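**Q** Just one file: input-v9.cif, with mmCIF, C-alpha atoms and all ligand atoms.
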```cif
data_input
#
loop_
_atom_site.label_atom_id
_atom_site.label_comp_id
_atom_site.auth_asym_id
_atom_site.auth_seq_id
_atom_site.Cartn_x
_atom_site.Cartn_y
_atom_site.Cartn_z
CA GLU K 1223 0.05 25.36 12.66
CA LYS K 1224 -2.19 22.28 12.57
CA LEU K 1225 -3.48 20.27 9.62
CA GLY K 1226 -7.24 19.73 9.39
CA VAL K 1227 -8.45 16.12 9.41
CA ALA K 1228 -11.85 14.93 8.17
CA LEU K 1229 -12.97 11.54 9.49
CA VAL K 1230 -14.95 9.43 6.99
CA GLY K 1231 -17.24 6.93 8.74
CA LEU K 1232 -18.23 7.65 12.33
CA GLY K 1233 -18.42 4.14 13.75
CA TYR K 1234 -16.70 2.62 16.77
CA TYR K 1235 -13.10 3.47 15.93
CA SER K 1236 -13.75 7.09 14.91
CA THR K 1237 -16.05 7.68 17.88
CA ASP K 1238 -14.16 5.93 20.68
CA LEU K 1239 -10.53 6.30 19.62
CA LEU K 1240 -9.77 8.72 16.79
CA ALA K 1241 -11.95 11.70 17.73
CA PRO K 1242 -10.71 11.65 21.36
CA ALA K 1243 -7.11 11.29 20.09
CA LEU K 1244 -7.63 14.31 17.82
CA GLN K 1245 -8.22 16.34 21.01
CA LEU K 1246 -4.65 15.47 22.08
CA THR K 1247 -2.82 15.94 18.79
CA GLU K 1248 -0.53 18.91 18.28
CA LYS K 1249 0.06 18.75 14.51
CA CYS K 1250 -3.51 18.05 13.37
CA TYR K 1251 -7.07 18.52 14.58
CA LEU K 1252 -10.60 17.32 13.87
CA ALA K 1253 -11.75 19.77 11.22
CA GLY K 1254 -14.52 17.88 9.45
CA ILE K 1255 -16.64 14.75 9.16
CA VAL K 1256 -18.12 12.63 6.39
CA THR K 1257 -21.15 10.56 7.40
CA GLY K 1258 -24.23 8.93 5.95
CA THR K 1259 -26.21 9.51 9.15
CA PRO K 1260 -27.68 13.01 9.69
CA ALA K 1261 -28.20 12.37 13.43
CA LYS K 1262 -24.48 11.65 13.87
CA ALA K 1263 -23.62 14.85 11.99
CA GLU K 1264 -25.70 16.83 14.53
CA THR K 1265 -24.12 15.13 17.56
CA TRP K 1266 -20.56 15.53 16.31
CA LYS K 1267 -21.14 19.12 15.18
CA THR K 1268 -22.09 20.11 18.72
CA LYS K 1269 -19.67 17.89 20.59
CA TYR K 1270 -16.60 18.86 18.55
CA ASN K 1271 -17.59 22.31 17.37
CA ILE K 1272 -17.41 21.39 13.68
CA PRO K 1273 -18.61 24.10 11.29
CA GLU K 1274 -21.54 23.15 9.03
CA LYS K 1275 -19.43 23.78 5.92
CA ASN K 1276 -17.02 21.00 6.98
CA ILE K 1277 -19.72 18.32 7.21
CA TYR K 1278 -20.17 16.05 4.20
CA THR K 1279 -22.23 13.04 3.15
CA TYR K 1280 -20.87 10.15 1.09
CA GLU K 1281 -22.66 11.69 -1.90
CA ASN K 1282 -21.32 15.25 -1.76
CA PHE K 1283 -17.92 14.20 -0.38
CA ASP K 1284 -16.04 15.11 -3.59
CA LYS K 1285 -16.80 18.80 -2.93
CA ILE K 1286 -14.22 18.55 -0.14
CA ALA K 1287 -11.73 19.44 -2.91
CA ASP K 1288 -12.84 23.07 -2.53
CA ASN K 1289 -12.47 23.16 1.26
CA PRO K 1290 -9.15 24.64 2.45
CA ASP K 1291 -9.90 23.63 6.09
CA ILE K 1292 -9.39 19.97 5.20
CA ASP K 1293 -5.82 18.82 4.55
CA ILE K 1294 -6.23 15.13 5.35
CA VAL K 1295 -9.09 12.68 4.81
CA TYR K 1296 -9.07 9.73 7.24
CA VAL K 1297 -11.01 6.73 5.85
CA VAL K 1298 -12.49 4.70 8.73
CA LEU K 1299 -15.06 2.64 6.81
CA PRO K 1300 -15.47 -1.13 6.33
CA PRO K 1301 -12.48 -2.46 4.33
CA SER K 1302 -14.39 -2.98 1.06
CA MET K 1303 -15.07 0.78 0.95
CA HIS K 1304 -11.47 1.91 1.55
CA ARG K 1305 -10.46 1.91 -2.10
CA GLU K 1306 -13.34 4.06 -3.31
CA PHE K 1307 -12.89 6.70 -0.61
CA VAL K 1308 -9.10 6.78 -0.76
CA VAL K 1309 -9.25 7.31 -4.52
CA ARG K 1310 -11.94 10.00 -4.20
CA ALA K 1311 -9.92 11.77 -1.48
CA ALA K 1312 -6.76 11.66 -3.60
CA LYS K 1313 -8.66 13.05 -6.60
CA ALA K 1314 -9.90 15.85 -4.34
CA GLY K 1315 -6.23 16.66 -3.72
CA LYS K 1316 -6.28 15.66 -0.06
CA HIS K 1317 -3.66 13.62 1.80
CA VAL K 1318 -5.09 10.34 3.02
CA PHE K 1319 -4.98 8.26 6.17
CA CYS K 1320 -6.62 4.86 5.64
CA GLU K 1321 -7.50 2.31 8.26
CA LYS K 1322 -6.25 -1.28 8.22
CA PRO K 1323 -6.73 -3.71 6.56
CA MET K 1324 -5.84 -1.47 3.63
CA ALA K 1325 -8.29 -3.23 1.25
CA PRO K 1326 -9.55 -6.72 0.40
CA SER K 1327 -7.13 -7.27 -2.52
CA VAL K 1328 -3.65 -6.47 -3.79
CA ALA K 1329 -5.24 -4.90 -6.89
CA ASP K 1330 -7.22 -2.52 -4.65
CA CYS K 1331 -4.09 -1.54 -2.72
CA GLU K 1332 -2.14 -0.90 -5.92
CA ALA K 1333 -4.94 1.29 -7.30
CA MET K 1334 -5.00 3.29 -4.04
CA ILE K 1335 -1.22 3.81 -4.08
CA ALA K 1336 -1.32 4.82 -7.75
CA ALA K 1337 -4.17 7.31 -7.19
CA CYS K 1338 -2.29 9.00 -4.34
CA LYS K 1339 0.92 9.07 -6.32
CA SER K 1340 -0.63 10.58 -9.44
CA ASN K 1341 -2.45 13.22 -7.37
CA LYS K 1342 0.75 13.95 -5.42
CA VAL K 1343 -0.74 13.27 -2.00
CA LYS K 1344 0.57 11.06 0.79
CA LEU K 1345 -1.12 7.83 1.88
CA ALA K 1346 -0.64 6.55 5.43
CA ILE K 1347 -2.11 3.33 6.83
CA GLY K 1348 -3.51 3.40 10.38
CA TYR K 1349 -0.89 1.03 11.78
CA ARG K 1350 -0.89 2.68 15.22
CA CYS K 1351 1.42 -0.02 16.65
CA GLN K 1352 4.31 0.98 14.44
CA HIS K 1353 4.24 4.36 16.20
CA ASP K 1354 4.39 2.68 19.62
CA PRO K 1355 7.91 2.64 21.17
CA ASN K 1356 7.17 -0.81 22.63
CA ILE K 1357 6.72 -2.26 19.14
CA GLN K 1358 9.67 -0.26 17.81
CA ALA K 1359 11.75 -1.85 20.61
CA TYR K 1360 11.30 -5.38 19.29
CA MET K 1361 11.75 -4.24 15.68
CA LYS K 1362 15.13 -2.87 16.76
CA VAL K 1363 16.20 -6.20 18.29
CA ALA K 1364 15.81 -7.87 14.88
CA LYS K 1365 17.56 -5.04 13.05
CA GLU K 1366 20.55 -4.96 15.37
CA GLN K 1367 20.65 -8.76 15.70
CA LYS K 1368 21.03 -8.34 19.46
CA PHE K 1369 20.50 -12.07 20.03
CA GLY K 1370 21.69 -13.20 16.59
CA LYS K 1371 19.32 -14.35 13.89
CA VAL K 1372 15.62 -14.96 14.44
CA LYS K 1373 14.78 -18.68 14.48
CA MET K 1374 11.10 -18.92 15.45
CA VAL K 1375 8.20 -16.54 15.99
CA THR K 1376 4.88 -17.30 17.64
CA SER K 1377 2.30 -14.56 17.15
CA ALA K 1378 -1.36 -14.40 18.15
CA ALA K 1379 -4.11 -11.79 18.07
CA GLY K 1380 -7.80 -12.32 18.69
CA TYR K 1381 -10.89 -11.37 20.64
CA VAL K 1382 -14.36 -12.80 21.01
CA ASP K 1383 -16.75 -11.21 18.51
CA ASN K 1384 -20.33 -12.40 19.08
CA ARG K 1385 -21.97 -10.02 16.61
CA THR K 1386 -23.85 -11.64 13.76
CA THR K 1387 -24.61 -8.99 11.14
CA HIS K 1388 -21.61 -6.67 11.44
CA TRP K 1389 -19.31 -6.12 8.42
CA LYS K 1390 -16.74 -8.32 10.19
CA GLN K 1391 -19.02 -11.31 9.49
CA ASN K 1392 -19.70 -10.15 5.92
CA LYS K 1393 -17.42 -11.19 3.06
CA LYS K 1394 -18.57 -8.50 0.63
CA LEU K 1395 -17.80 -5.72 3.10
CA GLY K 1396 -14.29 -7.04 3.68
CA GLY K 1397 -14.90 -9.02 6.85
CA GLY K 1398 -13.15 -12.10 8.18
CA VAL K 1399 -10.69 -12.29 11.04
CA MET K 1400 -7.62 -12.45 8.80
CA GLY K 1401 -7.84 -8.83 7.63
CA ASP K 1402 -9.07 -7.63 10.98
CA MET K 1403 -7.01 -9.12 13.84
CA GLY K 1404 -4.94 -11.31 11.52
CA VAL K 1405 -2.87 -8.39 10.29
CA TYR K 1406 -1.64 -7.91 13.87
CA ALA K 1407 -0.52 -11.53 14.10
CA LEU K 1408 1.11 -11.13 10.69
CA GLN K 1409 2.75 -7.82 11.60
CA GLY K 1410 4.09 -9.44 14.76
CA ALA K 1411 5.97 -11.92 12.58
CA ARG K 1412 7.02 -9.40 9.90
CA LEU K 1413 8.18 -6.75 12.35
CA ALA K 1414 9.90 -9.23 14.70
CA THR K 1415 11.95 -10.67 11.85
CA GLY K 1416 12.32 -7.46 9.84
CA GLU K 1417 11.76 -9.64 6.77
CA GLU K 1418 9.04 -10.33 4.23
CA PRO K 1419 7.69 -13.90 4.14
CA ILE K 1420 8.38 -15.97 1.01
CA SER K 1421 5.75 -18.65 1.53
CA VAL K 1422 2.74 -19.49 3.66
CA ILE K 1423 0.50 -22.41 4.49
CA ALA K 1424 -2.81 -21.67 6.20
CA GLN K 1425 -5.94 -23.25 7.57
CA ALA K 1426 -9.27 -21.54 8.28
CA SER K 1427 -11.79 -22.84 10.79
CA THR K 1428 -14.87 -21.93 12.79
CA THR K 1429 -16.45 -23.19 15.99
CA ARG K 1430 -19.62 -21.15 15.32
CA PRO K 1431 -20.80 -21.77 11.74
CA GLU K 1432 -24.11 -20.08 12.59
CA ILE K 1433 -22.23 -16.74 12.85
CA TYR K 1434 -19.14 -17.34 10.71
CA LYS K 1435 -20.90 -18.50 7.55
CA GLU K 1436 -19.22 -16.32 4.93
CA VAL K 1437 -15.92 -15.59 6.60
CA GLU K 1438 -13.49 -17.47 8.81
CA GLU K 1439 -13.70 -17.20 12.59
CA THR K 1440 -10.13 -18.45 13.02
CA MET K 1441 -7.06 -18.50 10.80
CA MET K 1442 -3.83 -20.31 11.58
CA PHE K 1443 -0.89 -19.74 9.28
CA MET K 1444 2.80 -20.55 9.08
CA LEU K 1445 5.27 -18.27 7.34
CA ASP K 1446 8.75 -18.92 5.95
CA PHE K 1447 11.22 -16.04 5.81
CA PRO K 1448 14.29 -15.69 3.55
CA SER K 1449 16.75 -16.07 6.46
CA GLY K 1450 15.22 -19.42 7.37
CA ALA K 1451 13.18 -17.99 10.25
CA ARG K 1452 9.69 -19.48 10.60
CA ALA K 1453 6.54 -18.11 12.22
CA ALA K 1454 3.41 -19.80 13.56
CA CYS K 1455 0.57 -17.29 13.68
CA GLN K 1456 -3.01 -17.47 14.86
CA THR K 1457 -5.92 -15.10 14.81
CA SER K 1458 -9.50 -15.57 15.93
CA PHE K 1459 -12.88 -13.96 16.59
CA GLY K 1460 -13.48 -16.81 19.04
CA THR K 1461 -10.61 -16.40 21.51
CA ASN K 1462 -9.13 -13.55 23.53
CA MET K 1463 -5.38 -13.63 22.94
CA ASN K 1464 -2.58 -11.18 22.21
CA HIS K 1465 1.00 -12.34 22.49
CA LEU K 1466 4.26 -12.57 20.61
CA GLN K 1467 7.32 -14.70 21.25
CA VAL K 1468 10.55 -14.50 19.29
CA ASN K 1469 13.28 -17.07 19.70
CA TYR K 1470 16.69 -16.01 18.39
CA GLU K 1471 19.97 -17.93 18.09
CA LYS K 1472 21.06 -16.64 21.50
CA GLY K 1473 17.99 -15.55 23.41
CA TRP K 1474 14.30 -14.74 23.39
CA LEU K 1475 11.75 -11.93 23.59
CA LYS K 1476 8.15 -12.08 24.78
CA MET K 1477 5.42 -9.47 24.50
CA GLU K 1478 1.93 -9.57 25.96
CA PRO K 1479 -0.02 -7.75 24.77
CA HIS K 1480 1.83 -6.89 21.56
CA SER K 1481 -0.82 -5.02 19.61
CA GLY K 1482 -3.10 -3.45 22.20
CA TYR K 1483 -4.10 0.23 22.22
CA ASN K 1484 -1.97 0.61 25.34
CA GLY K 1485 -0.03 -1.44 27.82
CA ASN K 1486 2.05 -3.31 25.23
CA LYS K 1487 4.94 -4.70 27.17
CA GLY K 1488 7.50 -7.45 27.23
CA SER K 1489 10.82 -8.80 28.35
CA MET K 1490 13.95 -10.36 26.91
CA SER K 1491 16.18 -13.24 27.98
CA ASP K 1492 18.91 -10.83 29.15
CA GLY K 1493 16.51 -9.20 31.60
CA THR K 1494 15.67 -6.17 29.45
CA VAL K 1495 12.13 -4.95 30.05
CA ILE K 1496 10.00 -3.33 27.32
CA ASN K 1497 7.44 -1.06 28.94
CA PHE K 1498 7.41 2.46 27.51
CA PRO K 1499 4.54 4.66 28.61
CA ILE K 1500 2.39 6.01 25.75
CA LYS K 1501 -0.55 8.36 26.25
CA SER K 1502 -2.37 7.69 22.98
CA GLN K 1503 -1.06 5.58 20.12
CA GLN K 1504 -3.59 7.16 17.80
CA ALA K 1505 -2.55 10.72 18.73
CA LYS K 1506 1.11 9.85 18.22
CA GLN K 1507 0.32 8.14 14.91
CA MET K 1508 -1.68 11.08 13.54
CA ASP K 1509 0.86 13.66 14.74
CA GLU K 1510 3.79 11.78 13.23
CA ASP K 1511 1.92 11.29 9.97
CA ALA K 1512 0.83 14.95 9.91
CA LEU K 1513 4.43 16.01 10.50
CA ALA K 1514 5.61 13.81 7.62
CA ILE K 1515 3.06 15.58 5.41
CA MET K 1516 4.13 19.06 6.58
CA ASN K 1517 7.83 18.30 6.07
CA ASN K 1518 7.34 16.05 3.05
CA THR K 1519 9.30 13.24 4.69
CA ASP K 1520 8.74 9.47 4.73
CA LEU K 1521 5.72 8.04 6.55
CA ILE K 1522 6.23 5.28 9.13
CA ALA K 1523 3.52 3.11 7.52
CA PRO K 1524 2.79 4.22 3.93
CA GLY K 1525 0.40 2.52 1.49
CA GLU K 1526 3.22 0.18 0.44
CA GLU K 1527 3.30 -1.19 4.00
CA GLY K 1528 -0.45 -1.88 3.90
CA LEU K 1529 0.06 -3.63 0.56
CA ARG K 1530 2.82 -5.85 1.99
CA ASP K 1531 0.32 -7.28 4.45
CA ILE K 1532 -2.47 -7.71 1.90
CA ARG K 1533 -0.09 -9.58 -0.41
CA VAL K 1534 0.36 -12.13 2.40
CA VAL K 1535 -3.36 -12.13 3.25
CA GLU K 1536 -4.18 -12.97 -0.39
CA ALA K 1537 -1.65 -15.81 -0.33
CA ILE K 1538 -3.21 -17.08 2.91
CA TYR K 1539 -6.66 -17.31 1.31
CA LYS K 1540 -5.11 -19.08 -1.70
CA SER K 1541 -3.48 -21.56 0.62
CA VAL K 1542 -6.78 -22.19 2.44
CA ALA K 1543 -8.50 -22.84 -0.89
CA SER K 1544 -5.81 -25.19 -2.22
CA GLY K 1545 -4.71 -26.78 1.05
CA LYS K 1546 -1.16 -26.22 -0.12
CA SER K 1547 1.76 -23.99 0.66
CA VAL K 1548 1.73 -20.80 -1.46
CA LYS K 1549 4.76 -18.81 -2.61
CA ILE K 1550 4.56 -15.06 -2.04
P1 LIG S 1601 -17.87 0.21 12.62
O1 LIG S 1601 -18.78 -0.81 12.03
O2 LIG S 1601 -18.05 0.54 14.06
O3 LIG S 1601 -17.95 1.56 11.80
C1 LIG S 1601 -18.02 1.57 10.39
C2 LIG S 1601 -18.65 2.85 9.92
O4 LIG S 1601 -18.84 2.78 8.52
C3 LIG S 1601 -20.02 3.12 10.54
O5 LIG S 1601 -20.10 4.46 10.92
C4 LIG S 1601 -20.98 2.81 9.42
O6 LIG S 1601 -22.17 3.57 9.48
C5 LIG S 1601 -20.17 3.19 8.20
N1 LIG S 1601 -20.64 2.54 6.97
C6 LIG S 1601 -20.86 3.16 5.80
N2 LIG S 1601 -21.31 2.31 4.88
C7 LIG S 1601 -21.40 1.12 5.48
C8 LIG S 1601 -21.83 -0.17 5.03
N3 LIG S 1601 -22.22 -0.39 3.78
N4 LIG S 1601 -21.80 -1.17 5.92
C9 LIG S 1601 -21.36 -1.00 7.18
N5 LIG S 1601 -20.94 0.21 7.66
C10 LIG S 1601 -20.97 1.25 6.80
O7 LIG S 1601 -16.39 -0.31 12.32
P2 LIG S 1601 -15.03 0.17 13.01
O8 LIG S 1601 -14.67 -0.81 14.05
O9 LIG S 1601 -15.11 1.60 13.35
O10 LIG S 1601 -14.00 -0.07 11.81
C11 LIG S 1601 -13.84 0.85 10.75
C12 LIG S 1601 -12.41 0.68 10.17
O11 LIG S 1601 -11.48 0.95 11.21
C13 LIG S 1601 -12.10 -0.72 9.69
O12 LIG S 1601 -11.21 -0.67 8.61
C14 LIG S 1601 -11.41 -1.35 10.87
O13 LIG S 1601 -10.57 -2.43 10.57
C15 LIG S 1601 -10.63 -0.17 11.39
N6 LIG S 1601 -10.28 -0.29 12.82
C16 LIG S 1601 -8.98 -0.13 13.14
C17 LIG S 1601 -8.58 -0.23 14.44
C18 LIG S 1601 -7.14 -0.02 14.79
O14 LIG S 1601 -6.77 -0.33 15.91
N7 LIG S 1601 -6.34 0.52 13.89
C19 LIG S 1601 -9.52 -0.53 15.43
C20 LIG S 1601 -10.86 -0.68 15.07
C21 LIG S 1601 -11.22 -0.56 13.75
#
```
Would you mind writing the file out in structure tokens?
**A**
Amino acid sequence: EKLGVALVGLGYYSTDLLAPALQLTEKCYLAGIVTGTPAKAETWKTKYNIPEKNIYTYENFDKIADNPDIDIVYVVLPPSMHREFVVRAAKAGKHVFCEKPMAPSVADCEAMIAACKSNKVKLAIGYRCQHDPNIQAYMKVAKEQKFGKVKMVTSAAGYVDNRTTHWKQNKKLGGGVMGDMGVYALQGARLATGEEPISVIAQASTTRPEIYKEVEETMMFMLDFPSGARAACQTSFGTNMNHLQVNYEKGWLKMEPHSGYNGNKGSMSDGTVINFPIKSQQAKQMDEDALAIMNNTDLIAPGEEGLRDIRVVEAIYKSVASGKSVKI
């Protein structure tokens, strides 16, 4: 028994990662698509054998309520559109997967959580890394205090994005590196400490103002955690980087990469190696989330987890605007 998933938005991530992963999943399958581009509908229909009745446009999407083939709607649109489509999916009575960053604001995230709650559907955020045993390995170190308390975290995530008119360079569509790669740098710090930050100070910058006019190219931010642990985080559309270092009272842990699609690996000061094989993060993520829906159990990364990040992201932008440290 497999749950039917409809992908909303057939851009890079749906095309290159999610649709292929849905060929590997055992608890869910690609049952439908929602697209604004008729040519894409034709291509996908043939390639993935999708029946005509399971193909929707953004306009007639709400009719999905009457389609028993679709159990889950997976929103893979630019961040500014996540709220609208999550709410519409929830109102249609469908469970929802939503890509990261959950939405541009805390208010959006809260509205999305409320809509799913009142329509009695589950909401999972596409935090594929939290389904990766390599990431779970360093989360466990913090939880078990293997090397004592966390003292310092250094966390970085970035790649070079030379596009000029993509939504990632557009403020209104929810662009900016902080929501995009920044949530990985932030999650590195949150997951490595197992704590929620209580304050942040941040600085935004760009080396290419001709491209990064509306949104930041680079964000550097420092977080304070309740235990006294501190994190220095950086994220950029101008630099290729992906690493995490955690210094504890009695040892250290390093990961590089720490938020890739595959190959996340690391080592610890006692010689322990982190290098679990994983075939497809996205397939594991969707199967585990589908299973949680089937069994009505807790999701690994529910809407509340997406909101925790956006709360920090909002504080980061406030800090940039004021030049001061902001309490969270
Ligand atoms: P993309 O630009 O390649 O695709 C976006 C899709 O949305 C396109 O099909 C586009 O046609 C459609 N769209 C509809 N209305 C639009 C509008 N007004 N402006 C722009 N596009 C519009 O982007 P993507 O890289 O596929 O990202 C989509 C979502 O997936 C984002 O939330 C992104 O952060 C997320 N993502 C997550 C991961 C991950 O590892 N979890 C990786 C990549 C992207």
**Q** Determine, counting all atoms listed in the file, which protein, DNA and RNA residues have an atom within 7 Å of an atom of range 1361-1373 of chain K; residues of the same chain fewer than 5 positions away are not included. Present the result as an mmCIF file with C-alpha atoms, in the coordinates of the input.
**A**
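File part38.cif, as written:
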```cif
data_model
loop_
_atom_site.group_PDB
_atom_site.id
_atom_site.type_symbol
_atom_site.label_atom_id
_atom_site.label_comp_id
_atom_site.auth_asym_id
_atom_site.auth_seq_id
_atom_site.Cartn_x
_atom_site.Cartn_y
_atom_site.Cartn_z
ATOM 1 C CA LEU K 1413 8.180 -6.750 12.350
ATOM 2 C CA ALA K 1414 9.900 -9.230 14.700
ATOM 3 C CA THR K 1415 11.950 -10.670 11.850
ATOM 4 C CA GLY K 1416 12.320 -7.460 9.840
ATOM 5 C CA ALA K 1451 13.180 -17.990 10.250
ATOM 6 C CA ARG K 1452 9.690 -19.480 10.600
ATOM 7 C CA ASN K 1469 13.280 -17.070 19.700
ATOM 8 C CA TYR K 1470 16.690 -16.010 18.390
ATOM 9 C CA GLU K 1471 19.970 -17.930 18.090
ATOM 10 C CA LYS K 1472 21.060 -16.640 21.500
ATOM 11 C CA GLY K 1473 17.990 -15.550 23.410
#
```
**Q** Tell me, in Å to one decimal, how far CA of Ile1522 in chain K is from CA of Pro1355 in chain K.
**A** 12.4 Å
**Q** Choose the residue, out of K:Cys1455, K:Leu1239, K:Ile1272, K:Ile1335, that has the smallest atom-to-atom separation from ligand LIG 1601 (chain S); count only C-alpha atoms and all ligand atoms.
**A**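 Smallest distance to ligand LIG 1601 (chain S) is found for K:Leu1239.
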**Q** Work out where the centre of an axis-aligned box around every listed atom of ligand LIG 1601 (chain S) lies and how long its edges are once 3 Å is added on each side; give both in Å to one decimal as JSON.
**A**
```
{"center_x": -14.3, "center_y": 1.0, "center_z": 9.8, "size_x": 21.9, "size_y": 12.9, "size_z": 18.1}
```
**Q** Output as JSON lines one row per residue of chain K within 10 Å of ligand LIG 1601 (chain S): the closest atom pair and its distance in Å to one decimal place, counting only C-alpha atoms and all ligand atoms, sorted by chain and residue number ascending.
**A**
```
{"residue": "K:Val1230", "atom": "CA", "partner": "S:LIG1601", "partner_atom": "O4", "distance": 7.9}
{"residue": "K:Gly1231", "atom": "CA", "partner": "S:LIG1601", "partner_atom": "O5", "distance": 4.4}
{"residue": "K:Leu1232", "atom": "CA", "partner": "S:LIG1601", "partner_atom": "O5", "distance": 4.0}
{"residue": "K:Gly1233", "atom": "CA", "partner": "S:LIG1601", "partner_atom": "O3", "distance": 3.3}
{"residue": "K:Tyr1234", "atom": "CA", "partner": "S:LIG1601", "partner_atom": "O2", "distance": 3.7}
{"residue": "K:Tyr1235", "atom": "CA", "partner": "S:LIG1601", "partner_atom": "O9", "distance": 3.8}
{"residue": "K:Ser1236", "atom": "CA", "partner": "S:LIG1601", "partner_atom": "O9", "distance": 5.9}
{"residue": "K:Thr1237", "atom": "CA", "partner": "S:LIG1601", "partner_atom": "O9", "distance": 7.6}
{"residue": "K:Asp1238", "atom": "CA", "partner": "S:LIG1601", "partner_atom": "O9", "distance": 8.6}
{"residue": "K:Leu1239", "atom": "CA", "partner": "S:LIG1601", "partner_atom": "C19", "distance": 8.1}
{"residue": "K:Leu1240", "atom": "CA", "partner": "S:LIG1601", "partner_atom": "C17", "distance": 9.3}
{"residue": "K:Val1256", "atom": "CA", "partner": "S:LIG1601", "partner_atom": "O5", "distance": 9.5}
{"residue": "K:Thr1257", "atom": "CA", "partner": "S:LIG1601", "partner_atom": "O5", "distance": 7.1}
{"residue": "K:Gly1258", "atom": "CA", "partner": "S:LIG1601", "partner_atom": "C6", "distance": 6.7}
{"residue": "K:Thr1259", "atom": "CA", "partner": "S:LIG1601", "partner_atom": "O6", "distance": 7.2}
{"residue": "K:Lys1262", "atom": "CA", "partner": "S:LIG1601", "partner_atom": "O5", "distance": 8.9}
{"residue": "K:Tyr1280", "atom": "CA", "partner": "S:LIG1601", "partner_atom": "C6", "distance": 8.4}
{"residue": "K:Tyr1296", "atom": "CA", "partner": "S:LIG1601", "partner_atom": "O11", "distance": 9.9}
{"residue": "K:Val1297", "atom": "CA", "partner": "S:LIG1601", "partner_atom": "C12", "distance": 7.6}
{"residue": "K:Val1298", "atom": "CA", "partner": "S:LIG1601", "partner_atom": "C12", "distance": 4.3}
{"residue": "K:Leu1299", "atom": "CA", "partner": "S:LIG1601", "partner_atom": "O4", "distance": 4.2}
{"residue": "K:Pro1300", "atom": "CA", "partner": "S:LIG1601", "partner_atom": "C13", "distance": 4.8}
{"residue": "K:Pro1301", "atom": "CA", "partner": "S:LIG1601", "partner_atom": "O12", "distance": 4.8}
{"residue": "K:Ser1302", "atom": "CA", "partner": "S:LIG1601", "partner_atom": "O12", "distance": 8.5}
{"residue": "K:Met1303", "atom": "CA", "partner": "S:LIG1601", "partner_atom": "N2", "distance": 7.5}
{"residue": "K:His1304", "atom": "CA", "partner": "S:LIG1601", "partner_atom": "O12", "distance": 7.5}
{"residue": "K:Cys1320", "atom": "CA", "partner": "S:LIG1601", "partner_atom": "O12", "distance": 7.8}
{"residue": "K:Glu1321", "atom": "CA", "partner": "S:LIG1601", "partner_atom": "O12", "distance": 4.8}
{"residue": "K:Lys1322", "atom": "CA", "partner": "S:LIG1601", "partner_atom": "O12", "distance": 5.0}
{"residue": "K:Pro1323", "atom": "CA", "partner": "S:LIG1601", "partner_atom": "O13", "distance": 5.7}
{"residue": "K:Met1324", "atom": "CA", "partner": "S:LIG1601", "partner_atom": "O12", "distance": 7.4}
{"residue": "K:Ala1325", "atom": "CA", "partner": "S:LIG1601", "partner_atom": "O12", "distance": 8.3}
{"residue": "K:Ile1347", "atom": "CA", "partner": "S:LIG1601", "partner_atom": "N7", "distance": 8.7}
{"residue": "K:Gly1348", "atom": "CA", "partner": "S:LIG1601", "partner_atom": "N7", "distance": 5.4}
{"residue": "K:Tyr1349", "atom": "CA", "partner": "S:LIG1601", "partner_atom": "N7", "distance": 5.9}
{"residue": "K:Arg1350", "atom": "CA", "partner": "S:LIG1601", "partner_atom": "N7", "distance": 6.0}
{"residue": "K:Cys1351", "atom": "CA", "partner": "S:LIG1601", "partner_atom": "O14", "distance": 8.2}
{"residue": "K:Thr1387", "atom": "CA", "partner": "S:LIG1601", "partner_atom": "C9", "distance": 9.5}
{"residue": "K:His1388", "atom": "CA", "partner": "S:LIG1601", "partner_atom": "O1", "distance": 6.5}
{"residue": "K:Trp1389", "atom": "CA", "partner": "S:LIG1601", "partner_atom": "C9", "distance": 5.7}
{"residue": "K:Lys1390", "atom": "CA", "partner": "S:LIG1601", "partner_atom": "O1", "distance": 8.0}
{"residue": "K:Asn1392", "atom": "CA", "partner": "S:LIG1601", "partner_atom": "N4", "distance": 9.2}
{"residue": "K:Lys1394", "atom": "CA", "partner": "S:LIG1601", "partner_atom": "N3", "distance": 9.4}
{"residue": "K:Leu1395", "atom": "CA", "partner": "S:LIG1601", "partner_atom": "N4", "distance": 6.7}
{"residue": "K:Gly1396", "atom": "CA", "partner": "S:LIG1601", "partner_atom": "O12", "distance": 8.6}
{"residue": "K:Gly1397", "atom": "CA", "partner": "S:LIG1601", "partner_atom": "O13", "distance": 8.7}
{"residue": "K:Val1399", "atom": "CA", "partner": "S:LIG1601", "partner_atom": "O13", "distance": 9.9}
{"residue": "K:Gly1401", "atom": "CA", "partner": "S:LIG1601", "partner_atom": "O13", "distance": 7.6}
{"residue": "K:Asp1402", "atom": "CA", "partner": "S:LIG1601", "partner_atom": "O13", "distance": 5.4}
{"residue": "K:Met1403", "atom": "CA", "partner": "S:LIG1601", "partner_atom": "O13", "distance": 8.3}
{"residue": "K:Val1405", "atom": "CA", "partner": "S:LIG1601", "partner_atom": "O13", "distance": 9.7}
{"residue": "K:Tyr1406", "atom": "CA", "partner": "S:LIG1601", "partner_atom": "O14", "distance": 9.4}
{"residue": "K:Ser1481", "atom": "CA", "partner": "S:LIG1601", "partner_atom": "O14", "distance": 8.4}
{"residue": "K:Gly1482", "atom": "CA", "partner": "S:LIG1601", "partner_atom": "O14", "distance": 7.9}
{"residue": "K:Tyr1483", "atom": "CA", "partner": "S:LIG1601", "partner_atom": "O14", "distance": 6.9}
{"residue": "K:Gln1503", "atom": "CA", "partner": "S:LIG1601", "partner_atom": "O14", "distance": 9.2}
{"residue": "K:Gln1504", "atom": "CA", "partner": "S:LIG1601", "partner_atom": "N7", "distance": 8.2}
```
**Q** Nearest to Val1422 in chain K: which of K:Gln1456, K:Ser1502, K:Thr1461, K:Ser1547 is it, counting only C-alpha atoms?
**A**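 Going through K:Gln1456, K:Ser1502, K:Thr1461, K:Ser1547 one by one, the smallest distance to Val1422 in chain K is for K:Ser1547.
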